[in-house]
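Student: Have a look at the structure that comes next, please.
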Amino acid sequence: MGNEWKISEVISCDVLILGAGGAGLRCAAEILEKRLGCRVIAVTKVSHPQKSHTSTAQGGLAAVDPKDPVDKPIYHMFDTWKGSDCMADQNVVKRIVEAGWEEILWLENRGMHFSRDVDGKLARRTFGGHTLNFGETSAYRAVFEADRTGKGIMDTLWGEVIKRGISFIHQSMATELLFNGDRCVGAVVFSPKSGKFTAIRAKATVLAMGGCGQVFKITTNCRQNTGDHLALAVETGLPVMDPEAVQFHPTGIVGPGILASETLRSVGGILRNKDLEAFMERYAPKMKELAPRDLVARAIETEIREGRGILNPSHGIEHVWIDLRHLPEHVHKTQIPEVASFFKKFVNVDTRTELCPIRPSNHYHMGGIPTNEDGQVLKGPNDRVSGLFAIGECACASFHGFNRLGTNSLLELITMGRFAAQKAMEDLDQELPPLPPDAGSRTFEKFSSYFAGHSKVTVGSLRERMKAVMTEKVGVFRNEQGIKEAISLLEELKEEAQKCGLRSRDLLMNQELVERWELDNLLTSAMLIAQGALHRRESRGGHFREDFPERRSEFDRHTLVYMEQFGKVRIDWKPVDMTLYEEGGPYAEKFGMIERKY
Amino acid sequence: MSQDQDLTLRIRRYDPSTGRSWLQEYRVRAGGILRFTDLLRKINTEQDPTLAWNSSCEHGQCGSCAVRVNGKPLLACELLVENAVKEFGTKEFLIEPITVGPVVRDLVVDLEVAYRRVEGMKPFIIRPRENPYGEGEYRIDPKEMDPYVDATRCINCFCCATACISGPRSFVGPNAIMSCVVRLLDPREDAKAERFKLLHGPNGVAHCHTSKACSHVCPKEIDVAHFVRLAKSLRLKEKA
C-alpha cells in the first residue's frame, strides 16, 4: 500500500475558520466586510456550506427589538438564566442579548427572507421559556423565516461571503491544531476528495465545528456532527467544559429522530399519552407544552417508562403523540408546512387528521470548548490560548448553561461569530509565526495506524454499540451505575476500534477511513460526556441523575474535563459568572441562584 | 404495509484509483419505513464498508444525498422503502450518482463546478436599494413576497439540474436561474438590469426547452419551471 504520509501543500491566510455553518460564516462575513483584502479560508466538512447543520434549524431567532413596547432585554436575560438552571455565564448572556437586534437587522438588510406581518415588518412568534416581566406571560420574541430560519441565515451568510471573496475548502476536515509555543498558528486539513493533507497557516484560527449528536442513537443531528472539535481540543491538552450538559429535544419524529420543531407546541400542539391524556398539565401546570425542553423531555420519557407510551411496530420504539388535529388548516399550511411534510414523508402520517408519533431526540450540546465572551479559547479557568477561537455549538461560552432555550442557539451563532471576528481582527497586523517542524506528524501517526488493524469487525457496528449504550445509560435519565457501565463499554470499544481492519486501502474519498477517524472522535466525545455526568452528582437542566434528583449548590460551577489519553481524565471546576447579580441594580435578585419552577 | 421487504439494490460504483466503473448488486432486507440512506448505511455496516455515498442532515433539508433511483433524481433520505416499492412497482432498484459534476467515488459527486454555476447567478443582494425606513428593517408586504418566496425554499440538491434535458454544458440550470429570479423580485435589490443580463447571458434562460422536468422531480415540490418561465416573460415585458 503506497499511501503518502506528507503535507502536500502549505497555505497561508489571515483567518482560518474550521467549520462553515452559521457561526463560522458570520465570523467570516464580519471580517471580510470590515477588512477589505483580508484572506479568510473556511474549511467545511460537508460538500458545500449550504449543507451545514445550521440550515436545518426551523423555528426562529430570539432577539428583543429595542422599540418593542412590552419586551425588554432584561427579560430575555432572565429567561436565558432561568432556563439554563443558573449555569449560564451572565457576562455572556448580557453581551449576546444586548447585541441580538443589531444582528437581526444585519441579516435582514443583507437579504434574509424573514416572515413579515401585515405592515411588512418582521413577524414574531412565542417560543418555549421566553417570557415577559420575569415569567409572567409568553413573549413574542422570535423572528423567523417560516419554519426554515436556519436555512435563511445560511443562505444569507453564504451569499455575503462569496460576494466578498472567501476561499472555501469543501468536504474536508481539520485533523490537528498547530502550535508555535503557546500560540495557535493554524491546522492540518485532510481532503478526502484529493486524498491530500494541507497545512494552513493563520494569524487566527476559529473553531466553528458544530456538535457531537452522533454519539446518540436517536438524534436530530446531521451525519457530520461527530464531536471532532472535542477530540481536537483534548488531544491538544485543552479542557472541555460541561460535556455532561446535553439537550434532548422533546419532539423527535419516530424513528429517525428528525426534529419536529418547538413551533408545533407554540402554535398549540398538545402532547398526549396512550390514553390520550394531555399529560403536560401534571408536569408544568402553568407553562404546559411550552415549558423548557428538558422538563418536557423528561415528562415524555416518564410517561413511556410508566407504561403510558405507544409502541411503533416498524421501529420497535415507544413514543407519545403530539396532537395537531384541532389546529386550523391555515396553521398547517403556513406555519408548520415543513414539519407537517416531515410527518408525511418519514412516517406517512397526515398532521391534519392523525396523531403524530414523537419521542425525545438528542438535539444540542450545551457543553463544548470553553471560551470567554469574545470567543477566545480558555485552557484553564482563566488562561486563554493565543490565536485560537471557538464559537457556536462547538464552544461553551456559556450562554445556555445546562439547558438551551429554543431560538437562542441561532442567536448565539451570529452574535458570537461577530464578537470573535472583532477580537480576531485586533491581531491581524502581527507577523505570521512559522509552523512547527513536526506539523502533521500526529495526524500521520493516527491515520497510518488505521490501516494496521486486521479484525473483521466494521466501524459501523462499533458505532452502533456506542450509540445504544449512550442513549440508554447517559441519555435523558442517568445514574452512577449506568454511567460506569457505559464508561467500561466505551473503553472496550476503543480497544476493538484499534484492531479494526479497513477494507478500503487508499486515501481517495475513502469513506471508511473518514468514519474510522470519526469513530475515534465519537468515542472521545462519549467518554467526555460520561465522565462529566459521573462527576456531577446532582441534577441540573438537561443533566438528570436519578440517584441525585435535586440541584445541589456545591455544583454551582462549570465542569472542566481534561483527557489527553483516552479515559484518563482530570477534572477541574470554573465558577459561574454572576455579573448581573453582582452589579446590583433593580433586577439583581432575579439573577441569583433561583429555583426553576414552571 | 410496513413489514420487512427483500430488496435488490444495484449500485453504480467507481474506483478513482483504477478508473474502473461497475454495477454491484446488494440484497437487503429492510423494514417498510426505513429510508434509502438507512439502506446504504446498512450495507456499509453489514456487507460492504467500501461503498461511498453522500449525505448530511438526512431529513431533506440539505440536499447532499441526491442520487438517481431507477433513473429518477431524488433525495435518498426521503425515499421510504414502502413508498419506493409502490412508486416504482418493483423491489429492484438501480442507484446511480447525479449527473451535474464529476464522480469522485461510487455515489459521491464533486459539487464544486455545479455550485459555481449557482454562484455565477449571484445569490445575494448585488446592490441594496436605499432603505426608505432608514436604519431599521425594510418593510416588505407579505403579498409582495408571495411571487418569489417559494423559490427561496430551494436547497440546491441539483435534482432539477440532473433531470433537465438541456444539460449543464449549455444551460446554467433551473436552480441557478431560480436563485437569480428571487433577487430580481426582491424589493431590496437595486441591480435589476444586471439581474436581467445574468438571466439572459450565454448559458441563461434561452437554453431552457420547457420540458418542466425540473418541477416534476423537485423534492421540495417547488414549481421550478414556473420561475424559469417567469424569468423569460419578465424579459419580454422589459423589451416591450
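Within each chain, counting starts at residue 1; across the C-alpha cells, chains are named A, B, ... in the order shown, with ligands numbered 1 upward in that order.
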Using only C-alpha atoms, which residues sit within 12 Å of B:Ile155 once same-chain residues fewer than 5 positions away are excluded, as a PDB file with C-alpha atoms, in the first residue's frame?
Tutor:
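As written to disk, result29.pdb reads:
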ATOM      1  CA  HIS A  48     -20.894  22.901   0.419  1.00  0.00           C
ATOM      2  CA  PRO A  49     -21.559  25.350   3.299  1.00  0.00           C
ATOM      3  CA  GLN A  50     -25.248  25.469   2.358  1.00  0.00           C
ATOM      4  CA  LYS A  51     -25.407  21.838   3.536  1.00  0.00           C
ATOM      5  CA  SER A  52     -24.298  22.792   7.070  1.00  0.00           C
ATOM      6  CA  SER A  55     -29.582  25.043   7.648  1.00  0.00           C
ATOM      7  CA  THR A  56     -31.863  22.591   9.407  1.00  0.00           C
ATOM      8  CA  ARG A 148     -36.646  27.298   7.832  1.00  0.00           C
ATOM      9  CA  LYS A 151     -31.608  27.960   6.117  1.00  0.00           C
ATOM     10  CA  GLY A 152     -32.456  31.644   5.730  1.00  0.00           C
ATOM     11  CA  MET A 154     -27.122  30.186   5.931  1.00  0.00           C
ATOM     12  CA  ASP A 155     -28.226  31.358   2.506  1.00  0.00           C
TER      13      ASP A 155
ATOM     14  CA  CYS B  57     -28.893  16.172   7.543  1.00  0.00           C
ATOM     15  CA  GLY B  60     -34.493  16.518   3.208  1.00  0.00           C
ATOM     16  CA  GLN B  61     -33.143  19.903   4.254  1.00  0.00           C
ATOM     17  CA  CYS B  62     -29.638  19.933   2.799  1.00  0.00           C
ATOM     18  CA  GLY B  63     -29.830  18.011  -0.467  1.00  0.00           C
ATOM     19  CA  SER B  64     -26.492  16.204  -0.013  1.00  0.00           C
ATOM     20  CA  CYS B  65     -27.887  12.716  -0.646  1.00  0.00           C
ATOM     21  CA  ALA B  66     -29.323  13.322  -4.126  1.00  0.00           C
ATOM     22  CA  LEU B  75     -33.120  12.540  -2.128  1.00  0.00           C
ATOM     23  CA  TYR B 115     -22.235  25.183  -7.283  1.00  0.00           C
ATOM     24  CA  VAL B 118     -25.296  28.918  -8.924  1.00  0.00           C
ATOM     25  CA  ASP B 150     -41.446  29.607  -2.795  1.00  0.00           C
ATOM     26  CA  CYS B 160     -33.739  19.559 -11.191  1.00  0.00           C
ATOM     27  CA  ASN B 175     -31.883  26.086  -9.595  1.00  0.00           C
ATOM     28  CA  ALA B 176     -29.311  28.716 -10.589  1.00  0.00           C
ATOM     29  CA  MET B 178     -34.297  30.460  -9.576  1.00  0.00           C
ATOM     30  CA  SER B 179     -31.734  31.978  -7.209  1.00  0.00           C
ATOM     31  CA  CYS B 218     -38.099  18.820  -7.204  1.00  0.00           C
ATOM     32  CA  PRO B 219     -38.012  17.175  -3.741  1.00  0.00           C
ATOM     33  CA  LYS B 220     -39.214  20.438  -2.184  1.00  0.00           C
ATOM     34  CA  GLU B 221     -42.155  20.450  -4.604  1.00  0.00           C
ATOM     35  CA  ILE B 222     -41.258  23.879  -5.911  1.00  0.00           C
TER      36      ILE B 222
END
Student: At most 7 Å is the cut-off: for each residue in chain B with any atom that close to an atom of chain A, write down the nearest atom pair and the distance in Å rounded to one decimal, counting only C-alpha atoms, chain first then increasing number, as a Markdown table.
Tutor:
| residue | atom | partner | partner_atom | distance |
| --- | --- | --- | --- | --- |
| B:Ser2 | CA | A:Ser314 | CA | 6.2 |
| B:Gly31 | CA | A:Ser314 | CA | 6.4 |
| B:Ile33 | CA | A:Val347 | CA | 6.7 |
| B:Asn44 | CA | A:Gly460 | CA | 6.9 |
| B:Thr45 | CA | A:Gly460 | CA | 4.7 |
| B:Pro49 | CA | A:Glu512 | CA | 6.0 |
| B:Thr50 | CA | A:Ser504 | CA | 5.5 |
| B:Ala52 | CA | A:Gln511 | CA | 5.7 |
| B:Ser56 | CA | A:Arg223 | CA | 5.1 |
| B:Cys57 | CA | A:Cys222 | CA | 4.2 |
| B:Glu58 | CA | A:Cys222 | CA | 6.8 |
| B:His59 | CA | A:Ile258 | CA | 6.7 |
| B:Gln61 | CA | A:Thr56 | CA | 6.0 |
| B:Cys62 | CA | A:Lys51 | CA | 4.7 |
| B:Ser64 | CA | A:Lys51 | CA | 6.7 |
| B:Glu78 | CA | A:Lys345 | CA | 6.5 |
| B:Val104 | CA | A:Lys193 | CA | 6.6 |
| B:Arg105 | CA | A:Met509 | CA | 6.4 |
| B:Leu111 | CA | A:Ser47 | CA | 6.8 |
| B:Pro123 | CA | A:Gly159 | CA | 5.6 |
| B:Phe124 | CA | A:Gly159 | CA | 4.7 |
| B:Ile125 | CA | A:Gly111 | CA | 6.3 |
| B:Gly136 | CA | A:Leu105 | CA | 6.5 |
| B:Glu137 | CA | A:Leu105 | CA | 5.8 |
| B:Arg139 | CA | A:Gly120 | CA | 4.5 |
| B:Ile140 | CA | A:Gly120 | CA | 4.3 |
| B:Asp141 | CA | A:Gly120 | CA | 4.2 |
| B:Pro142 | CA | A:Arg116 | CA | 5.8 |
Student: May I ask for the distance between atom CA of A:Arg308 and atom CA of A:Cys356, given in Å to one decimal place?
Tutor: 15.5 Å
Student: Within 7 Å of stretch 405-420 of chain A, counting only C-alpha atoms, which residues show up once you throw out same-chain ones fewer than 3 positions away? Write them as a list in words, please.
Tutor: Gly22, Ala23, Gly24, Arg26, Cys27, Glu30, Gly59, Gly60, Leu61, Ala62, Thr80, Gly83, Ile96, Ala99, Gly100, Glu103, Phe127, Gly128, Gly129, Ala142, Pro292, Asp374, Gly375, Phe389, Ile391, Gly392, Lys423 and Ala424 of chain A
Student: Selected residues, N, CA and C atoms, written as a PDB file, in the first residue's frame, please.
Tutor:
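File produced: again_26.pdb:
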ATOM      1  N   GLY A  22     -23.424  28.498  10.569  1.00  0.00           N
ATOM      2  CA  GLY A  22     -23.872  29.848  10.932  1.00  0.00           C
ATOM      3  C   GLY A  22     -22.805  30.660  11.650  1.00  0.00           C
ATOM      4  N   ALA A  23     -22.165  30.072  12.657  1.00  0.00           N
ATOM      5  CA  ALA A  23     -21.177  30.819  13.433  1.00  0.00           C
ATOM      6  C   ALA A  23     -19.949  31.137  12.587  1.00  0.00           C
ATOM      7  N   GLY A  24     -19.441  30.126  11.894  1.00  0.00           N
ATOM      8  CA  GLY A  24     -18.226  30.302  11.097  1.00  0.00           C
ATOM      9  C   GLY A  24     -18.410  31.348  10.014  1.00  0.00           C
ATOM     10  N   ARG A  26     -20.745  33.736   9.856  1.00  0.00           N
ATOM     11  CA  ARG A  26     -20.994  35.090  10.386  1.00  0.00           C
ATOM     12  C   ARG A  26     -19.665  35.745  10.752  1.00  0.00           C
ATOM     13  N   CYS A  27     -18.778  34.933  11.303  1.00  0.00           N
ATOM     14  CA  CYS A  27     -17.439  35.412  11.652  1.00  0.00           C
ATOM     15  C   CYS A  27     -16.711  35.854  10.381  1.00  0.00           C
ATOM     16  N   GLU A  30     -18.116  39.122   8.822  1.00  0.00           N
ATOM     17  CA  GLU A  30     -17.723  40.334   9.558  1.00  0.00           C
ATOM     18  C   GLU A  30     -16.310  40.769   9.169  1.00  0.00           C
ATOM     19  N   GLY A  59     -37.396  26.828  13.846  1.00  0.00           N
ATOM     20  CA  GLY A  59     -38.356  27.749  14.444  1.00  0.00           C
ATOM     21  C   GLY A  59     -38.076  29.228  14.435  1.00  0.00           C
ATOM     22  N   GLY A  60     -36.913  29.681  14.847  1.00  0.00           N
ATOM     23  CA  GLY A  60     -36.746  31.117  14.939  1.00  0.00           C
ATOM     24  C   GLY A  60     -35.456  31.553  15.604  1.00  0.00           C
ATOM     25  N   LEU A  61     -35.399  32.834  15.834  1.00  0.00           N
ATOM     26  CA  LEU A  61     -34.198  33.511  16.287  1.00  0.00           C
ATOM     27  C   LEU A  61     -34.671  34.552  17.303  1.00  0.00           C
ATOM     28  N   ALA A  62     -34.293  34.358  18.573  1.00  0.00           N
ATOM     29  CA  ALA A  62     -34.803  35.247  19.617  1.00  0.00           C
ATOM     30  C   ALA A  62     -33.991  36.526  19.678  1.00  0.00           C
ATOM     31  N   THR A  80     -33.124  33.332  29.849  1.00  0.00           N
ATOM     32  CA  THR A  80     -31.953  32.537  29.490  1.00  0.00           C
ATOM     33  C   THR A  80     -31.279  31.993  30.749  1.00  0.00           C
ATOM     34  N   GLY A  83     -33.697  29.455  32.396  1.00  0.00           N
ATOM     35  CA  GLY A  83     -33.713  28.254  31.559  1.00  0.00           C
ATOM     36  C   GLY A  83     -32.431  27.450  31.708  1.00  0.00           C
ATOM     37  N   ILE A  96     -24.638  38.923  24.613  1.00  0.00           N
ATOM     38  CA  ILE A  96     -25.342  38.349  23.459  1.00  0.00           C
ATOM     39  C   ILE A  96     -26.743  38.943  23.323  1.00  0.00           C
ATOM     40  N   ALA A  99     -26.809  42.420  21.969  1.00  0.00           N
ATOM     41  CA  ALA A  99     -26.392  42.567  20.564  1.00  0.00           C
ATOM     42  C   ALA A  99     -27.395  41.955  19.588  1.00  0.00           C
ATOM     43  N   GLY A 100     -28.434  41.297  20.118  1.00  0.00           N
ATOM     44  CA  GLY A 100     -29.318  40.493  19.285  1.00  0.00           C
ATOM     45  C   GLY A 100     -29.984  41.252  18.149  1.00  0.00           C
ATOM     46  N   GLU A 103     -28.090  42.226  15.082  1.00  0.00           N
ATOM     47  CA  GLU A 103     -27.794  41.096  14.197  1.00  0.00           C
ATOM     48  C   GLU A 103     -28.979  40.769  13.297  1.00  0.00           C
ATOM     49  N   PHE A 127     -42.131  31.346  21.920  1.00  0.00           N
ATOM     50  CA  PHE A 127     -41.344  30.123  21.967  1.00  0.00           C
ATOM     51  C   PHE A 127     -41.203  29.676  23.407  1.00  0.00           C
ATOM     52  N   GLY A 128     -41.067  28.390  23.639  1.00  0.00           N
ATOM     53  CA  GLY A 128     -40.967  27.844  24.993  1.00  0.00           C
ATOM     54  C   GLY A 128     -39.921  28.553  25.840  1.00  0.00           C
ATOM     55  N   GLY A 129     -40.276  28.928  27.067  1.00  0.00           N
ATOM     56  CA  GLY A 129     -39.319  29.503  28.001  1.00  0.00           C
ATOM     57  C   GLY A 129     -39.090  31.000  27.850  1.00  0.00           C
ATOM     58  N   ALA A 142     -39.465  35.839  18.992  1.00  0.00           N
ATOM     59  CA  ALA A 142     -38.684  35.133  17.967  1.00  0.00           C
ATOM     60  C   ALA A 142     -39.069  35.603  16.567  1.00  0.00           C
ATOM     61  N   PRO A 292     -39.678  24.499  29.404  1.00  0.00           N
ATOM     62  CA  PRO A 292     -38.393  24.261  28.744  1.00  0.00           C
ATOM     63  C   PRO A 292     -38.212  22.797  28.321  1.00  0.00           C
ATOM     64  N   ASP A 374     -15.539  36.808  24.185  1.00  0.00           N
ATOM     65  CA  ASP A 374     -15.119  37.140  22.828  1.00  0.00           C
ATOM     66  C   ASP A 374     -14.856  35.889  21.990  1.00  0.00           C
ATOM     67  N   GLY A 375     -15.149  34.739  22.552  1.00  0.00           N
ATOM     68  CA  GLY A 375     -14.916  33.502  21.816  1.00  0.00           C
ATOM     69  C   GLY A 375     -13.472  33.023  21.868  1.00  0.00           C
ATOM     70  N   PHE A 389      -9.846  30.610  18.625  1.00  0.00           N
ATOM     71  CA  PHE A 389     -11.215  30.970  18.993  1.00  0.00           C
ATOM     72  C   PHE A 389     -12.121  29.750  18.825  1.00  0.00           C
ATOM     73  N   ILE A 391     -16.512  29.113  18.514  1.00  0.00           N
ATOM     74  CA  ILE A 391     -17.842  29.739  18.501  1.00  0.00           C
ATOM     75  C   ILE A 391     -18.903  28.726  18.063  1.00  0.00           C
ATOM     76  N   GLY A 392     -20.143  29.039  18.409  1.00  0.00           N
ATOM     77  CA  GLY A 392     -21.261  28.181  18.010  1.00  0.00           C
ATOM     78  C   GLY A 392     -21.387  26.972  18.923  1.00  0.00           C
ATOM     79  N   LYS A 423     -12.633  40.489  17.720  1.00  0.00           N
ATOM     80  CA  LYS A 423     -11.442  40.250  18.539  1.00  0.00           C
ATOM     81  C   LYS A 423     -10.285  39.768  17.662  1.00  0.00           C
ATOM     82  N   ALA A 424     -10.582  38.872  16.732  1.00  0.00           N
ATOM     83  CA  ALA A 424      -9.522  38.328  15.862  1.00  0.00           C
ATOM     84  C   ALA A 424      -8.890  39.444  15.031  1.00  0.00           C
TER      85      ALA A 424
END
Student: Identify, with DSSP run on backbone atoms, the residues in stretch 20-210 of chain B assigned to alpha helix (DSSP H), and express the list as number ranges by chain.
Tutor: B: 36-46, 81-88, 112-120, 142-149, 159-163, 174-185, 192-199
Student: If you run DSSP over the backbone, which residues in stretch 38-173 of chain B end up strand (DSSP E)? Put them as a list in words.
Tutor: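 Everything in stretch 38-173 of chain B that counts as strand (DSSP E) is Ala66, Val67, Arg68, Val69, Lys72, Pro73, Leu74, Leu75, Glu92, Phe93, Leu94, Ile95, Glu96, Pro97, Val103, Val104, Arg105, Val108 and Val109 of chain B.
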Student: Which of these residues is nearest to A:Asp577, using only C-alpha atoms: A:Thr302, A:Asn362, A:Thr226, A:Ser398?
Tutor: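 Of A:Thr302, A:Asn362, A:Thr226, A:Ser398, the one nearest A:Asp577 is A:Ser398, counting only C-alpha atoms.
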Student: Within 12 Å of A:Gly309, counting only C-alpha atoms, which residues qualify if same-chain residues fewer than 6 places away don't, as a ChimeraX atom specification?
Tutor: /A:271-277,279,299-303,317-321,357-359
Student: Any chance you could export the current selection's C-alpha atoms as a PDB file, in the first residue's frame?
Tutor:
ATOM      1  CA  LEU A 271     -48.838  16.146  23.928  1.00  0.00           C
ATOM      2  CA  ARG A 272     -50.904  13.055  24.680  1.00  0.00           C
ATOM      3  CA  ASN A 273     -50.166   9.597  26.096  1.00  0.00           C
ATOM      4  CA  LYS A 274     -51.742   6.286  25.094  1.00  0.00           C
ATOM      5  CA  ASP A 275     -54.929   7.210  26.992  1.00  0.00           C
ATOM      6  CA  LEU A 276     -54.946  10.489  25.002  1.00  0.00           C
ATOM      7  CA  GLU A 277     -54.486  12.408  28.264  1.00  0.00           C
ATOM      8  CA  PHE A 279     -50.236  14.944  30.387  1.00  0.00           C
ATOM      9  CA  ALA A 299     -42.176  14.212  31.155  1.00  0.00           C
ATOM     10  CA  ILE A 300     -42.431  12.208  27.923  1.00  0.00           C
ATOM     11  CA  GLU A 301     -39.797   9.656  28.994  1.00  0.00           C
ATOM     12  CA  THR A 302     -41.593   9.256  32.329  1.00  0.00           C
ATOM     13  CA  GLU A 303     -44.901   8.616  30.580  1.00  0.00           C
ATOM     14  CA  ILE A 317     -39.617   2.333  19.535  1.00  0.00           C
ATOM     15  CA  GLU A 318     -42.072   3.502  22.181  1.00  0.00           C
ATOM     16  CA  HIS A 319     -43.387   7.047  21.874  1.00  0.00           C
ATOM     17  CA  VAL A 320     -46.150   9.510  22.787  1.00  0.00           C
ATOM     18  CA  TRP A 321     -48.346  11.571  20.462  1.00  0.00           C
ATOM     19  CA  PRO A 357     -45.592   9.861  16.968  1.00  0.00           C
ATOM     20  CA  ILE A 358     -42.743  11.645  18.773  1.00  0.00           C
ATOM     21  CA  ARG A 359     -40.020  10.784  21.261  1.00  0.00           C
TER      22      ARG A 359
END
Student: Would you pick out the contacts of stretch 67-76 of chain A at 10 Å or less, using only C-alpha atoms, so that residues sharing its chain but fewer than 6 positions from it are not included, and give the list as a PyMOL selection string?
Tutor: chain A and resi 82+93-94+96-101+129-135+139-141+408+580+587+590
Student: Write to file, as a short mmCIF file (atom, residue, chain, number, x, y, z; two decimals), in the first residue's frame, the residues of the selection just made, with N, CA and C atoms.
Tutor:
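Result saved to out.cif:
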data_model
loop_
_atom_site.label_atom_id
_atom_site.label_comp_id
_atom_site.auth_asym_id
_atom_site.auth_seq_id
_atom_site.Cartn_x
_atom_site.Cartn_y
_atom_site.Cartn_z
N LYS A 82 -32.68 31.62 33.81
CA LYS A 82 -33.55 30.67 34.48
C LYS A 82 -33.55 29.34 33.71
N VAL A 93 -24.37 36.20 28.70
CA VAL A 93 -25.81 36.37 28.47
C VAL A 93 -26.12 37.84 28.14
N LYS A 94 -25.55 38.71 28.94
CA LYS A 94 -25.80 40.15 28.78
C LYS A 94 -25.31 40.60 27.40
N ILE A 96 -24.64 38.92 24.61
CA ILE A 96 -25.34 38.35 23.46
C ILE A 96 -26.74 38.94 23.32
N VAL A 97 -27.46 38.99 24.43
CA VAL A 97 -28.84 39.50 24.37
C VAL A 97 -28.84 40.96 23.89
N GLU A 98 -27.92 41.75 24.41
CA GLU A 98 -27.91 43.16 24.01
C GLU A 98 -27.55 43.36 22.54
N ALA A 99 -26.81 42.42 21.97
CA ALA A 99 -26.39 42.57 20.56
C ALA A 99 -27.39 41.95 19.59
N GLY A 100 -28.43 41.30 20.12
CA GLY A 100 -29.32 40.49 19.28
C GLY A 100 -29.98 41.25 18.15
N TRP A 101 -30.64 42.35 18.46
CA TRP A 101 -31.45 43.02 17.44
C TRP A 101 -30.60 43.56 16.30
N GLY A 129 -40.28 28.93 27.07
CA GLY A 129 -39.32 29.50 28.00
C GLY A 129 -39.09 31.00 27.85
N HIS A 130 -39.60 31.62 26.79
CA HIS A 130 -39.41 33.07 26.60
C HIS A 130 -40.63 33.82 27.13
N THR A 131 -40.38 34.70 28.12
CA THR A 131 -41.50 35.35 28.81
C THR A 131 -41.30 36.86 28.96
N LEU A 132 -42.41 37.53 29.30
CA LEU A 132 -42.37 38.95 29.64
C LEU A 132 -42.40 39.09 31.15
N ASN A 133 -41.78 40.16 31.64
CA ASN A 133 -41.88 40.50 33.05
C ASN A 133 -41.54 39.34 33.99
N PHE A 134 -40.40 38.70 33.72
CA PHE A 134 -39.85 37.65 34.59
C PHE A 134 -40.82 36.49 34.80
N GLY A 135 -41.29 35.95 33.70
CA GLY A 135 -42.07 34.72 33.80
C GLY A 135 -43.57 34.91 33.82
N ALA A 139 -43.68 35.69 25.71
CA ALA A 139 -43.19 36.84 24.94
C ALA A 139 -43.18 36.51 23.45
N TYR A 140 -43.55 37.49 22.64
CA TYR A 140 -43.41 37.38 21.19
C TYR A 140 -42.02 37.90 20.84
N ARG A 141 -41.05 37.01 20.86
CA ARG A 141 -39.66 37.45 20.79
C ARG A 141 -38.89 36.83 19.63
N ASN A 408 -32.49 30.37 20.96
CA ASN A 408 -31.28 31.02 21.47
C ASN A 408 -30.01 30.54 20.78
N LEU A 580 -24.54 39.96 36.39
CA LEU A 580 -25.82 40.66 36.52
C LEU A 580 -26.28 40.70 37.97
N TYR A 587 -32.98 44.75 39.24
CA TYR A 587 -33.43 43.37 39.00
C TYR A 587 -32.40 42.34 39.44
N LYS A 590 -33.18 38.82 40.60
CA LYS A 590 -33.69 37.85 39.62
C LYS A 590 -32.56 36.96 39.10
#
Student: For B:Val103, work out the shell of residues within 10 Å, counting only C-alpha atoms and skipping chain neighbours fewer than 5 positions away, then give it as a list in words.
Tutor: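 Near B:Val103, the qualifying residues are Arg13, Tyr14, Asp15, Pro16, Pro97, Ile98, Val108, Val109, Asp110 and Leu111 of chain B.
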Student: Compile the contact shell of stretch 82-88 of chain B as a PyMOL selection string: residues with an atom at most 12 Å away, counting only C-alpha atoms, same-chain residues fewer than 6 positions apart removed.
Tutor: (chain A and resi 314+344-348) or (chain B and resi 1-9+30-36+69-72+74-76+94)
Student: Would you work out the distance separating atom CA of A:Gly252 from atom CA of A:Gly542, expressed in Å to one decimal?
Tutor: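 Atom CA of A:Gly252 sits 15.8 Å away from atom CA of A:Gly542.
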Student: Could you check the closest approach to B:Thr99 for each of B:Asp146, B:Thr18, B:Cys164, B:Thr210 and tell me which residue wins, using only C-alpha atoms?
Tutor: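 Smallest distance to B:Thr99 is found for B:Cys164.
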